Amino acid sequence: MFAMTPEQRHLRAQIAAHAMWAKCDDPAAHTAPAREAFLDRFERQVDPERVLAPEERARRAEHARKAYFKRLALASSRVRAAKVAGRALGGGRDAA
């Protein structure tokens, strides 16, 4: 096997993903275990001992999930703002 560049590895991964999805009859069912594990993470976070009532655990988990995605949005916003500031100062891809 020859050494692959990062671009070639990326293309190989994309080919494999498209081939898998081309054979998949029910995409939602195929990804259900991953979604369930992802969401269970928040229930474990808010109630690791499993002492809360299921309704209260679900309520808290929903807020933990929302906080997680808001943190991602904030980080993304900061990166975008930094890129804009860099371009305004003459940096970035467009400056050459």
# chains A, B, ... in the order shown; residues from 1 in each chain; ligands from 1
call {"tool": "select_by_dssp", "arguments": {"residues": "chain A", "states": "alpha helix (DSSP H)", "output": "ChimeraX atom specification"}}
result
/A:6-23,27-46,54-88
call {"tool": "atom_distance", "arguments": {"atom1": "CA of Met20 in chain A", "atom2": "CA of Arg65 in chain A"}}
result
28.9 Å
call {"tool": "residues_around", "arguments": {"residues": "Val46 in chain A", "least_positions_apart": "5", "cutoff": "12 Å", "atoms": "only C-alpha atoms", "output": "count of residues only"}}
result
17
call {"tool": "atom_distance", "arguments": {"atom1": "CA of Asp25 in chain A", "atom2": "CA of His10 in chain A"}}
result
24.8 Å
call {"tool": "atom_distance", "arguments": {"atom1": "CA of Ala32 in chain A", "atom2": "CA of Arg44 in chain A"}}
result
18.2 Å
call {"tool": "closest_residue", "arguments": {"among": "A:Ala88, A:Pro27, A:Ala13, A:Tyr68", "to": "Gln45 in chain A", "atoms": "only C-alpha atoms"}}
result
A:Tyr68
